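Heads up, start_4.txt below (compact mmCIF, C-alpha atoms):
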```txt
# COMPACT_ATOMS: atom_id res chain seq x y z
CA MET A 78 -21.22 -7.02 24.41
CA TYR A 79 -17.68 -7.37 23.08
CA ALA A 80 -18.70 -10.50 21.14
CA ILE A 81 -21.50 -8.56 19.41
CA TYR A 82 -19.06 -5.77 18.55
CA ILE A 83 -16.69 -8.37 16.99
CA VAL A 84 -19.57 -9.78 14.92
CA TYR A 85 -20.43 -6.26 13.66
CA VAL A 86 -16.80 -5.61 12.72
CA PHE A 87 -16.62 -8.96 10.95
CA ILE A 88 -19.79 -8.29 8.94
CA ALA A 89 -18.64 -4.74 8.05
CA SER A 90 -15.27 -5.92 6.72
CA PHE A 91 -16.80 -8.92 4.92
CA LEU A 92 -19.47 -6.85 3.16
CA MET A 93 -17.13 -3.97 2.35
CA VAL A 94 -14.62 -6.22 0.55
CA LEU A 95 -17.36 -8.26 -1.14
CA LEU A 96 -19.07 -5.10 -2.41
CA LEU A 97 -15.80 -3.57 -3.66
CA SER A 98 -14.89 -6.89 -5.31
CA ILE A 99 -18.14 -6.95 -7.29
CA ILE A 100 -17.62 -3.29 -8.32
CA SER A 101 -14.00 -4.11 -9.28
CA GLU A 102 -15.12 -6.99 -11.47
CA LYS A 103 -17.47 -4.73 -13.40
CA ILE A 104 -14.81 -2.01 -13.87
CA LEU A 105 -12.12 -4.52 -14.92
CA LEU A 106 -14.51 -6.24 -17.36
CA ARG A 107 -15.39 -2.87 -18.91
CA LYS A 108 -11.70 -1.94 -19.23
CA ARG A 109 -10.93 -5.46 -20.58
CA MET A 110 -8.33 -6.03 -17.86
CA MET A 111 -8.50 -9.83 -17.79
CA VAL A 112 -6.21 -12.85 -17.88
CA PRO A 113 -6.95 -16.46 -18.91
CA ASP A 114 -7.54 -18.99 -16.14
CA ALA A 115 -4.75 -21.43 -17.04
CA HIS A 116 -6.33 -24.40 -15.22
CA LYS A 117 -9.66 -24.42 -17.03
CA ILE A 118 -10.32 -26.31 -20.29
CA ASP A 119 -12.00 -23.28 -21.89
CA LYS A 120 -9.24 -20.91 -20.67
CA ARG A 121 -11.95 -18.45 -19.60
CA MET A 122 -10.96 -14.83 -19.03
CA VAL A 123 -11.01 -13.62 -15.41
CA PRO A 124 -10.79 -9.95 -14.30
CA ARG A 125 -7.53 -8.98 -12.55
CA PRO A 126 -6.30 -7.32 -10.32
CA GLY A 127 -8.82 -7.58 -7.50
CA GLY A 128 -6.13 -6.43 -5.03
CA PRO A 129 -7.50 -2.85 -4.82
CA ALA A 130 -10.91 -4.15 -3.64
CA LEU A 131 -9.24 -6.20 -0.92
CA TYR A 132 -6.88 -3.38 0.09
CA PHE A 133 -9.43 -0.55 0.25
CA GLY A 134 -12.11 -2.73 1.84
CA ILE A 135 -9.89 -3.83 4.73
CA ILE A 136 -8.09 -0.51 5.22
CA ILE A 137 -11.29 1.60 5.26
CA VAL A 138 -12.91 -0.58 7.93
CA MET A 139 -9.66 -0.72 9.88
CA LEU A 140 -9.15 3.06 9.94
CA ILE A 141 -12.76 3.66 11.04
CA ILE A 142 -12.21 1.43 14.07
CA ILE A 143 -8.54 1.75 15.04
CA ARG A 144 -6.34 4.83 14.64
CA ASN A 145 -3.28 4.41 16.84
CA ILE A 146 0.39 4.59 15.84
CA ALA A 147 0.65 0.80 15.39
CA ALA A 148 -2.31 0.80 13.02
CA ILE A 149 -0.80 3.70 11.06
CA ALA A 150 2.52 1.83 10.73
CA LEU A 151 0.61 -1.23 9.53
CA VAL A 152 -1.34 0.82 6.97
CA ILE A 153 1.83 2.37 5.55
CA ALA A 154 3.62 -1.00 5.46
CA VAL A 155 0.82 -2.79 3.61
CA THR A 156 0.37 0.20 1.30
CA ILE A 157 4.00 -0.13 0.19
CA ALA A 158 3.45 -3.83 -0.58
CA PHE A 159 0.15 -3.08 -2.30
CA VAL A 160 1.66 -0.36 -4.51
CA ALA A 161 4.62 -2.63 -5.41
CA GLY A 162 2.15 -5.36 -6.39
CA PHE A 163 -0.08 -2.98 -8.32
CA LEU A 164 2.89 -1.70 -10.33
CA ASP A 165 3.84 -5.32 -11.00
CA ASP A 166 0.29 -6.07 -12.16
CA ILE A 167 0.63 -3.30 -14.75
CA TYR A 168 4.33 -3.25 -15.73
CA LYS A 169 5.53 -6.80 -14.80
CA PHE A 170 8.76 -6.77 -12.81
CA GLY A 171 11.61 -9.26 -13.11
CA GLY A 172 12.44 -11.92 -10.51
CA ILE A 173 14.45 -9.74 -8.13
CA GLU A 174 12.55 -6.40 -7.99
CA LYS A 175 9.57 -7.66 -5.96
CA PRO A 176 11.63 -9.01 -3.01
CA ILE A 177 13.51 -5.70 -2.80
CA LEU A 178 10.40 -3.50 -3.06
CA THR A 179 8.43 -5.51 -0.51
CA ALA A 180 11.34 -5.38 1.96
CA ALA A 181 10.67 -1.61 2.09
CA SER A 182 7.42 -2.41 3.95
CA ALA A 183 9.55 -2.72 7.09
CA ALA A 184 10.41 1.01 6.95
CA PRO A 185 7.35 2.36 8.87
CA PHE A 186 7.89 -0.17 11.65
CA LEU A 187 11.54 0.81 11.93
CA ILE A 188 10.85 4.56 11.75
CA PHE A 189 7.95 4.58 14.26
CA SER A 190 9.60 1.87 16.40
CA THR A 191 6.32 -0.04 16.48
CA TYR A 192 8.01 -3.36 17.02
CA ASN A 193 9.26 -5.16 20.09
CA PRO A 194 12.62 -6.95 19.63
CA ASN A 195 11.66 -9.46 22.36
CA PRO A 196 9.72 -12.28 20.70
CA TYR A 197 8.15 -15.01 22.83
CA VAL A 198 9.89 -18.31 22.16
CA PRO A 199 8.67 -21.72 23.45
CA PHE A 200 10.80 -23.14 26.33
CA VAL A 201 12.86 -19.91 26.44
CA GLY A 202 10.29 -17.20 27.16
CA THR A 203 11.13 -13.68 26.04
CA VAL A 204 14.27 -13.44 23.91
CA THR A 205 15.97 -10.07 23.38
CA ILE A 206 17.45 -9.81 19.88
CA LYS A 207 17.94 -6.06 19.47
CA ILE A 208 20.55 -6.29 16.70
CA LEU A 209 19.01 -9.13 14.71
CA TYR A 210 15.33 -8.15 14.94
CA PRO A 211 15.36 -5.16 12.52
CA LEU A 212 17.11 -7.34 9.93
CA LEU A 213 14.52 -10.09 10.46
CA LEU A 214 11.81 -7.47 10.04
CA ILE A 215 13.16 -6.43 6.64
CA ALA A 216 13.64 -10.04 5.51
CA GLY A 217 10.28 -11.11 6.96
CA PHE A 218 8.21 -8.64 4.94
CA SER A 219 9.95 -9.70 1.77
CA ILE A 220 9.62 -13.43 2.56
CA TYR A 221 5.94 -13.33 3.57
CA SER A 222 4.81 -11.04 0.74
CA ASN A 223 6.55 -13.11 -1.91
CA ALA A 224 5.65 -16.48 -0.36
CA THR A 225 1.95 -15.56 -0.49
CA ASN A 226 2.46 -14.47 -4.09
CA MET A 227 3.96 -17.88 -4.93
CA LEU A 228 0.98 -19.71 -3.39
CA ASP A 229 -1.61 -17.91 -5.53
CA VAL A 230 -1.78 -20.50 -8.31
CA PHE A 231 -5.30 -21.96 -8.06
CA ASN A 232 -8.78 -20.56 -7.56
CA GLY A 233 -9.27 -19.51 -3.94
CA LEU A 234 -6.16 -21.32 -2.71
CA LEU A 235 -4.35 -18.33 -1.24
CA THR A 236 -7.31 -16.53 0.33
CA GLY A 237 -8.69 -19.72 1.90
CA SER A 238 -5.25 -20.74 3.17
CA MET A 239 -4.61 -17.33 4.74
CA ILE A 240 -8.00 -17.36 6.48
CA ILE A 241 -7.06 -20.71 8.05
CA ALA A 242 -3.58 -19.40 8.95
CA THR A 243 -4.92 -16.21 10.58
CA ILE A 244 -7.33 -18.03 12.93
CA PRO A 245 -4.46 -19.24 15.21
CA LEU A 246 -3.12 -15.66 15.30
CA SER A 247 -6.53 -14.37 16.44
CA PHE A 248 -6.66 -17.15 19.02
CA TYR A 249 -3.19 -16.16 20.29
CA PHE A 250 -4.05 -12.43 20.49
CA TYR A 251 -7.25 -13.21 22.37
CA ILE A 252 -5.53 -15.56 24.82
CA ARG A 253 -2.83 -12.96 25.52
CA GLY A 254 -5.29 -10.10 25.88
CA GLU A 255 -4.06 -8.17 22.82
CA TYR A 256 -7.57 -7.02 21.94
CA GLN A 257 -6.67 -4.27 19.44
CA ILE A 258 -4.52 -6.64 17.39
CA PHE A 259 -7.20 -9.29 17.81
CA LEU A 260 -9.65 -6.86 16.22
CA LEU A 261 -7.22 -6.21 13.34
CA SER A 262 -6.94 -9.95 12.72
CA ILE A 263 -10.75 -10.28 12.67
CA ILE A 264 -11.00 -7.45 10.10
CA PHE A 265 -8.35 -9.25 8.03
CA ILE A 266 -10.09 -12.66 8.19
CA ALA A 267 -13.47 -11.12 7.34
CA GLY A 268 -11.99 -9.18 4.40
CA LEU A 269 -10.36 -12.33 3.06
CA ALA A 270 -13.65 -14.22 3.47
CA GLY A 271 -15.46 -11.51 1.52
CA PHE A 272 -12.87 -11.77 -1.23
CA LEU A 273 -12.99 -15.59 -1.20
CA VAL A 274 -16.66 -15.45 -2.23
CA ARG A 275 -15.48 -14.11 -5.62
CA HIS A 276 -12.06 -15.83 -5.70
CA ALA A 277 -13.22 -19.39 -4.84
CA TYR A 278 -13.59 -22.02 -7.57
CA PRO A 279 -14.59 -21.04 -10.23
CA SER A 280 -12.94 -17.62 -9.76
CA LYS A 281 -14.79 -14.50 -10.83
CA LEU A 282 -11.89 -12.28 -9.78
CA PHE A 283 -8.13 -12.80 -9.34
CA PRO A 284 -6.26 -10.81 -6.65
CA GLY A 285 -3.19 -10.16 -8.80
CA ASP A 286 0.15 -9.28 -7.22
CA SER A 287 -1.40 -6.20 -5.58
CA GLY A 288 -3.65 -8.53 -3.61
CA THR A 289 -1.13 -11.26 -2.84
CA LEU A 290 1.68 -8.95 -1.69
CA PHE A 291 -0.81 -6.99 0.43
CA ILE A 292 -2.05 -10.21 2.10
CA GLY A 293 1.52 -11.32 2.93
CA ALA A 294 2.51 -7.91 4.30
CA PHE A 295 -0.66 -7.66 6.41
CA TYR A 296 -0.14 -11.12 7.89
CA PHE A 297 3.48 -10.40 8.78
CA SER A 298 2.50 -7.03 10.29
CA LEU A 299 0.04 -8.83 12.58
CA MET A 300 2.80 -11.21 13.68
CA VAL A 301 5.13 -8.31 14.50
CA LEU A 302 2.58 -6.06 16.23
CA GLY A 303 1.22 -8.89 18.36
CA ARG A 304 4.58 -10.52 19.09
CA ALA A 305 3.23 -13.69 17.53
CA GLU A 306 6.26 -14.53 15.43
CA ILE A 307 6.58 -18.18 16.41
CA VAL A 308 2.86 -18.91 16.40
CA GLY A 309 2.59 -17.23 12.97
CA ILE A 310 5.50 -19.21 11.55
CA ILE A 311 3.96 -22.51 12.71
CA ALA A 312 0.55 -21.54 11.27
CA THR A 313 2.12 -20.76 7.90
CA LEU A 314 4.50 -23.73 7.60
CA PRO A 315 2.89 -24.83 4.27
CA LEU A 316 3.35 -21.29 2.91
CA ILE A 317 7.00 -21.23 3.98
CA PHE A 318 7.55 -24.74 2.56
CA ASN A 319 6.11 -23.73 -0.79
CA GLY A 320 8.32 -20.63 -1.08
CA PHE A 321 11.41 -22.38 0.28
CA PHE A 322 10.93 -25.47 -1.92
CA ILE A 323 10.54 -23.33 -5.06
CA LEU A 324 13.50 -21.04 -4.36
CA THR A 325 15.88 -23.87 -3.43
CA SER A 326 14.83 -26.05 -6.38
CA ILE A 327 15.22 -23.27 -8.99
CA ARG A 328 18.18 -21.77 -7.09
CA GLY A 329 17.17 -18.16 -6.46
CA PHE A 330 14.74 -15.55 -7.74
CA LYS A 331 14.04 -16.09 -11.43
CA GLU A 332 11.54 -14.78 -13.94
CA HIS A 333 8.56 -17.15 -14.53
CA SER A 334 9.37 -17.60 -18.21
CA ASN A 335 12.87 -18.90 -17.36
CA VAL A 336 11.59 -21.63 -15.05
CA PRO A 337 10.16 -25.00 -16.23
CA ARG A 338 6.46 -25.53 -15.44
CA PRO A 339 6.02 -27.79 -12.36
CA VAL A 340 2.70 -29.27 -13.55
CA THR A 341 0.99 -30.00 -16.85
CA PHE A 342 -2.66 -29.44 -17.66
CA ASN A 343 -4.31 -32.46 -19.32
CA ASP A 344 -7.09 -32.40 -21.92
CA ASP A 345 -9.54 -33.77 -19.35
CA GLY A 346 -8.95 -30.72 -17.15
CA LYS A 347 -6.76 -32.53 -14.61
CA ILE A 348 -3.36 -31.46 -13.33
CA GLN A 349 -0.30 -33.71 -13.27
CA ALA A 350 3.20 -33.27 -11.82
CA VAL A 351 6.17 -33.00 -14.20
CA LYS A 352 9.03 -35.35 -13.29
CA GLY A 353 12.63 -34.14 -13.28
CA LYS A 354 15.43 -32.81 -11.08
CA HIS A 355 15.40 -29.22 -12.30
CA VAL A 356 11.65 -28.68 -12.20
CA PRO A 357 10.49 -26.39 -9.33
CA ILE A 358 9.11 -28.28 -6.33
CA THR A 359 5.79 -26.64 -5.52
CA LEU A 360 2.90 -27.79 -3.36
CA ALA A 361 0.85 -28.20 -6.54
CA ARG A 362 3.51 -30.53 -7.97
CA LEU A 363 3.74 -32.52 -4.75
CA PHE A 364 -0.02 -32.93 -4.51
CA SER A 365 -0.34 -34.06 -8.13
CA SER A 366 2.63 -36.46 -7.97
CA ASN A 367 0.54 -39.60 -7.45
CA GLY A 368 -1.44 -39.14 -10.67
CA ALA A 369 -3.61 -36.52 -12.37
CA VAL A 370 -5.91 -34.68 -9.96
CA THR A 371 -8.40 -31.85 -10.24
CA GLU A 372 -7.71 -28.24 -9.28
CA LYS A 373 -10.24 -28.53 -6.45
CA GLU A 374 -8.49 -31.62 -5.01
CA ILE A 375 -5.15 -29.79 -4.86
CA VAL A 376 -6.78 -26.78 -3.17
CA TYR A 377 -8.45 -29.00 -0.56
CA GLY A 378 -5.17 -30.88 -0.04
CA VAL A 379 -3.28 -27.66 0.68
CA TRP A 380 -6.07 -26.42 2.94
CA ILE A 381 -5.83 -29.66 4.97
CA MET A 382 -2.11 -28.92 5.40
CA PHE A 383 -2.96 -25.43 6.65
CA VAL A 384 -5.57 -26.83 9.04
CA VAL A 385 -2.95 -29.19 10.53
CA SER A 386 -0.53 -26.26 10.91
CA ALA A 387 -3.26 -24.13 12.49
CA ILE A 388 -4.05 -26.86 15.03
CA LEU A 389 -0.35 -27.22 15.90
CA SER A 390 -0.06 -23.45 16.21
CA MET A 391 -3.02 -23.22 18.59
CA PHE A 392 -1.69 -26.18 20.56
CA THR A 393 1.64 -24.33 20.89
CA THR A 394 -0.23 -21.25 22.14
CA LEU A 395 -2.10 -23.25 24.77
CA VAL A 396 1.00 -25.09 26.01
CA PHE A 397 3.60 -22.30 25.93
CA PHE A 398 1.88 -18.92 25.83
CA LYS A 399 -1.24 -19.16 27.96
CA MET B 29 -8.06 -41.20 -4.17
CA LYS B 30 -4.81 -40.15 -5.83
CA ILE B 31 -4.55 -37.13 -3.55
CA ALA B 32 -4.60 -39.20 -0.33
CA LYS B 33 -0.92 -40.23 -0.35
CA PRO B 34 0.47 -36.70 -0.98
CA VAL B 35 -1.84 -35.30 1.72
CA MET B 36 -0.59 -37.87 4.24
CA VAL B 37 3.07 -37.24 3.32
CA MET B 38 2.70 -33.46 3.55
CA MET B 39 0.81 -33.67 6.85
CA ALA B 40 3.62 -35.82 8.25
CA ILE B 41 6.16 -33.27 7.04
CA VAL B 42 4.32 -30.41 8.76
CA ILE B 43 4.13 -32.34 12.04
CA ILE B 44 7.81 -33.43 11.93
CA SER B 45 8.91 -29.85 11.12
CA TRP B 46 6.87 -28.50 14.02
CA ALA B 47 8.48 -31.05 16.38
CA LEU B 48 11.95 -30.15 15.11
CA LEU B 49 11.27 -26.42 15.51
CA LEU B 50 10.27 -26.98 19.12
CA ALA B 51 13.39 -29.14 19.62
CA SER B 52 15.54 -26.27 18.30
CA PHE B 53 13.90 -23.92 20.83
CA TYR B 54 14.56 -26.41 23.59
CA ALA B 55 18.24 -26.50 22.60
CA MET B 56 18.21 -22.69 22.63
CA ALA B 57 16.71 -22.68 26.14
CA LEU B 58 19.43 -25.03 27.38
CA THR B 59 22.14 -22.79 25.92
CA PHE B 60 20.62 -19.71 27.54
CA LYS B 61 20.54 -21.56 30.86
CA LEU B 62 24.28 -22.15 30.54
CA MET B 63 24.78 -18.44 29.85
CA ALA B 64 22.64 -17.32 32.79
CA GLY B 65 24.25 -14.60 34.86
CA MET B 66 26.54 -13.39 32.08
CA HIS B 67 26.12 -9.79 30.91
CA GLY B 68 27.70 -7.37 28.46
CA LEU B 69 27.84 -6.58 24.75
CA THR B 70 29.65 -9.81 23.84
CA ILE B 71 26.90 -11.88 25.45
CA GLN B 72 24.29 -9.79 23.59
CA ILE B 73 26.04 -10.49 20.29
CA ILE B 74 26.31 -14.22 21.13
CA ARG B 75 22.55 -14.26 21.88
CA ASP B 76 21.81 -12.66 18.50
CA LEU B 77 24.13 -15.11 16.76
CA LEU B 78 22.28 -17.97 18.47
CA GLY B 79 19.08 -16.65 16.93
CA PHE B 80 20.81 -16.60 13.57
CA LEU B 81 22.07 -20.14 14.15
CA ILE B 82 18.50 -21.29 14.77
CA PHE B 83 17.52 -19.91 11.37
CA ILE B 84 20.36 -21.82 9.71
CA ILE B 85 19.17 -24.99 11.47
CA TRP B 86 15.64 -24.32 10.21
CA ALA B 87 16.90 -23.86 6.65
CA ILE B 88 18.70 -27.22 6.87
CA VAL B 89 15.58 -28.87 8.35
CA PHE B 90 13.40 -27.43 5.56
CA TYR B 91 15.89 -28.65 2.94
CA ILE B 92 15.80 -32.18 4.44
CA MET B 93 11.99 -32.01 4.44
CA ARG B 94 12.02 -31.01 0.78
CA GLN B 95 14.21 -33.96 -0.15
CA ALA B 96 12.11 -36.32 1.97
CA ALA B 97 8.89 -35.16 0.32
CA ALA B 98 10.36 -35.41 -3.18
CA LYS B 99 11.62 -38.94 -2.46
CA ALA B 100 8.41 -40.15 -0.79
CA LEU B 101 6.34 -38.89 -3.73
CA SER B 102 8.85 -40.03 -6.44
CA LEU B 103 9.19 -36.58 -8.01
CA TYR B 104 12.47 -37.30 -9.77
```

Turn this file's structure into structure tokens for me.
Amino acid sequence: MYAIYIVYVFIASFLMVLLLSIISEKILLRKRMMVPDAHKIDKRMVPRPGGPALYFGIIIVMLIIIRNIAAIALVIAVTIAFVAGFLDDIYKFGGIEKPILTAASAAPFLIFSTYNPNPYVPFVGTVTIKILYPLLLIAGFSIYSNATNMLDVFNGLLTGSMIIATIPLSFYFYIRGEYQIFLLSIIFIAGLAGFLVRHAYPSKLFPGDSGTLFIGAFYFSLMVLGRAEIVGIIATLPLIFNGFFILTSIRGFKEHSNVPRPVTFNDDGKIQAVKGKHVPITLARLFSSNGAVTEKEIVYGVWIMFVVSAILSMFTTLVFFK
Amino acid sequence: MKIAKPVMVMMAIVIISWALLLASFYAMALTFKLMAGMHGLTIQIIRDLLGFLIFIIWAIVFYIMRQAAAKALSLY
């Protein structure tokens, strides 16, 4: 019975986001809100931002099904990230504003105390970090929201990667009997899958910063609410690598225009890494370092990395948290 | 397949990082075992600092991984 209910919830979230995405595309096309797809030979124009479709689709389904204090805190947190991203889609912030604004997503969790400062850690068990945890919460929202934003460089890459990364979280919540959070994670996966239908190669709709920051904040909220910090970190190692590699190679938060491009786009439509010490190290650059490759090949390469991380994450759950 | 080598390198980096993360937790568990039976605010602060220390170790590990990946794939 519960399995059938889960399937219904999945279908509802999937269809809701897909429907809103198609409506968004039409509205954005009519309003001429489009950007060129930089990795296509014809530089075709793609509607953006599709973030509102993703946000409203997931939140509507979520609020119909779950309305407890944890869900409310999550909704407020992701709304802050979504609004910050939406403002960025319209006004374009500098390099430092987004990390600060997205850190504010931690506020509802801190105000409603909907977090548990006792994460489960392999070998150790429950660790009490009452002083450090609120600081990690603030930093975590900023890190995850902006790391997801940095990964959104190719058609469908981010949404597909985050679907793969959320599966181990769902597995963890189910194993530990956290059924409400499990349901939230299913709504999230289904919403992302609905969006991926339009975002996958060749993209018909881009999420924009409103979509990417929302995805990062939602994922981190799931980790906090379900006490799945370690499992979540392992599942998103490629995401963390990408953000960490970029920030350490360009030395801090900088505006896009002030940073050298990590890859070049050839006339034949293939992507090739740029050599040099001061060029940002991104996953795209690493995957195209052995010669020119297609956009699809890079996306599949990154997804394979996420699959490996997801398997390790689920293995960790089975060994340490069952 | 030009993508094969980078995929293999990055998969290896994910697996090594995962192993090192678990090793850092094991070291944390050993330290906590040594501190078993101790109570008070100072111990609480030391526990929090240990958590912070783990994050510093992770940052160093990630930096080493970055350099290893860049070298293995001849980025410079």

10 Å contacts from chain B to chain A using all atoms listed in the file, as a PyMOL selection string: chain B and resi 29-43+45-47+49-61+72-80+87+90-91+93-95+97-98+100-104

One-decimal distance in Å that lies between atom CA of A:Thr203 and atom CA of A:Tyr249: 15.6 Å

Using all atoms listed in the file: which of A:Leu235, A:Val336, A:Ile263, A:Val376 has the shortest distance to A:Tyr82: A:Ile263

8 Å contact set for stretch 121-135 of chain A, all atoms listed in the file, chain neighbours under 3 positions out, as a VMD selection string: chain A and resid 90 93 to 94 97 to 98 101 to 102 105 to 106 109 to 114 117 138 to 139 159 163 166 264 to 265 268 to 269 272 280 to 289 291

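When all atoms listed in the file are used to measure the gap to B:Ile82, the shortest distance among B:Leu62, B:Ala96, B:Leu48, B:Leu69 belongs to B:Leu48.
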
Nearest to A:Thr179, chosen from A:Ala267, A:Pro279, A:Ile292, A:Ala89, with all atoms listed in the file counted in the distances: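 Ranked by minimum distance to A:Thr179, first place goes to A:Ile292.
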
I need stretch 346-358 of chain A written out with N, CA, C and O atoms, as a PDB file, in the first residue's frame; please produce it.
```
ATOM      1  N   GLY A 346      31.999  21.638 -32.964  1.00  0.00           N
ATOM      2  CA  GLY A 346      31.028  21.444 -31.885  1.00  0.00           C
ATOM      3  C   GLY A 346      31.578  20.680 -30.692  1.00  0.00           C
ATOM      4  O   GLY A 346      30.829  20.340 -29.782  1.00  0.00           O
ATOM      5  N   LYS A 347      32.899  20.413 -30.697  1.00  0.00           N
ATOM      6  CA  LYS A 347      33.480  19.685 -29.567  1.00  0.00           C
ATOM      7  C   LYS A 347      34.125  20.637 -28.564  1.00  0.00           C
ATOM      8  O   LYS A 347      34.441  21.776 -28.890  1.00  0.00           O
ATOM      9  N   ILE A 348      34.321  20.118 -27.363  1.00  0.00           N
ATOM     10  CA  ILE A 348      34.830  20.940 -26.259  1.00  0.00           C
ATOM     11  C   ILE A 348      36.226  20.467 -25.881  1.00  0.00           C
ATOM     12  O   ILE A 348      36.472  19.264 -25.785  1.00  0.00           O
ATOM     13  N   GLN A 349      37.137  21.417 -25.670  1.00  0.00           N
ATOM     14  CA  GLN A 349      38.519  21.051 -25.360  1.00  0.00           C
ATOM     15  C   GLN A 349      39.030  21.876 -24.179  1.00  0.00           C
ATOM     16  O   GLN A 349      38.723  23.056 -24.063  1.00  0.00           O
ATOM     17  N   ALA A 350      39.823  21.217 -23.312  1.00  0.00           N
ATOM     18  CA  ALA A 350      40.370  21.897 -22.128  1.00  0.00           C
ATOM     19  C   ALA A 350      41.413  22.935 -22.529  1.00  0.00           C
ATOM     20  O   ALA A 350      42.165  22.725 -23.476  1.00  0.00           O
ATOM     21  N   VAL A 351      41.445  24.038 -21.783  1.00  0.00           N
ATOM     22  CA  VAL A 351      42.482  25.059 -21.973  1.00  0.00           C
ATOM     23  C   VAL A 351      43.614  24.718 -21.008  1.00  0.00           C
ATOM     24  O   VAL A 351      43.368  24.410 -19.845  1.00  0.00           O
ATOM     25  N   LYS A 352      44.857  24.742 -21.500  1.00  0.00           N
ATOM     26  CA  LYS A 352      46.005  24.438 -20.633  1.00  0.00           C
ATOM     27  C   LYS A 352      46.450  25.722 -19.927  1.00  0.00           C
ATOM     28  O   LYS A 352      46.288  26.813 -20.461  1.00  0.00           O
ATOM     29  N   GLY A 353      47.020  25.580 -18.741  1.00  0.00           N
ATOM     30  CA  GLY A 353      47.545  26.755 -18.048  1.00  0.00           C
ATOM     31  C   GLY A 353      47.317  26.682 -16.556  1.00  0.00           C
ATOM     32  O   GLY A 353      46.367  26.040 -16.103  1.00  0.00           O
ATOM     33  N   LYS A 354      48.211  27.314 -15.803  1.00  0.00           N
ATOM     34  CA  LYS A 354      48.174  27.241 -14.332  1.00  0.00           C
ATOM     35  C   LYS A 354      47.030  28.041 -13.731  1.00  0.00           C
ATOM     36  O   LYS A 354      46.482  27.680 -12.698  1.00  0.00           O
ATOM     37  N   HIS A 355      46.683  29.160 -14.357  1.00  0.00           N
ATOM     38  CA  HIS A 355      45.704  30.064 -13.746  1.00  0.00           C
ATOM     39  C   HIS A 355      44.295  29.903 -14.306  1.00  0.00           C
ATOM     40  O   HIS A 355      43.423  30.726 -14.054  1.00  0.00           O
ATOM     41  N   VAL A 356      44.101  28.836 -15.064  1.00  0.00           N
ATOM     42  CA  VAL A 356      42.771  28.567 -15.626  1.00  0.00           C
ATOM     43  C   VAL A 356      41.996  27.743 -14.594  1.00  0.00           C
ATOM     44  O   VAL A 356      42.556  26.824 -13.986  1.00  0.00           O
ATOM     45  N   PRO A 357      40.710  28.062 -14.347  1.00  0.00           N
ATOM     46  CA  PRO A 357      39.948  27.308 -13.339  1.00  0.00           C
ATOM     47  C   PRO A 357      39.915  25.810 -13.649  1.00  0.00           C
ATOM     48  O   PRO A 357      39.757  25.414 -14.807  1.00  0.00           O
ATOM     49  N   ILE A 358      40.088  25.000 -12.609  1.00  0.00           N
ATOM     50  CA  ILE A 358      39.993  23.540 -12.795  1.00  0.00           C
ATOM     51  C   ILE A 358      38.550  23.140 -12.532  1.00  0.00           C
ATOM     52  O   ILE A 358      38.080  23.173 -11.394  1.00  0.00           O
TER      53      ILE A 358
END
```
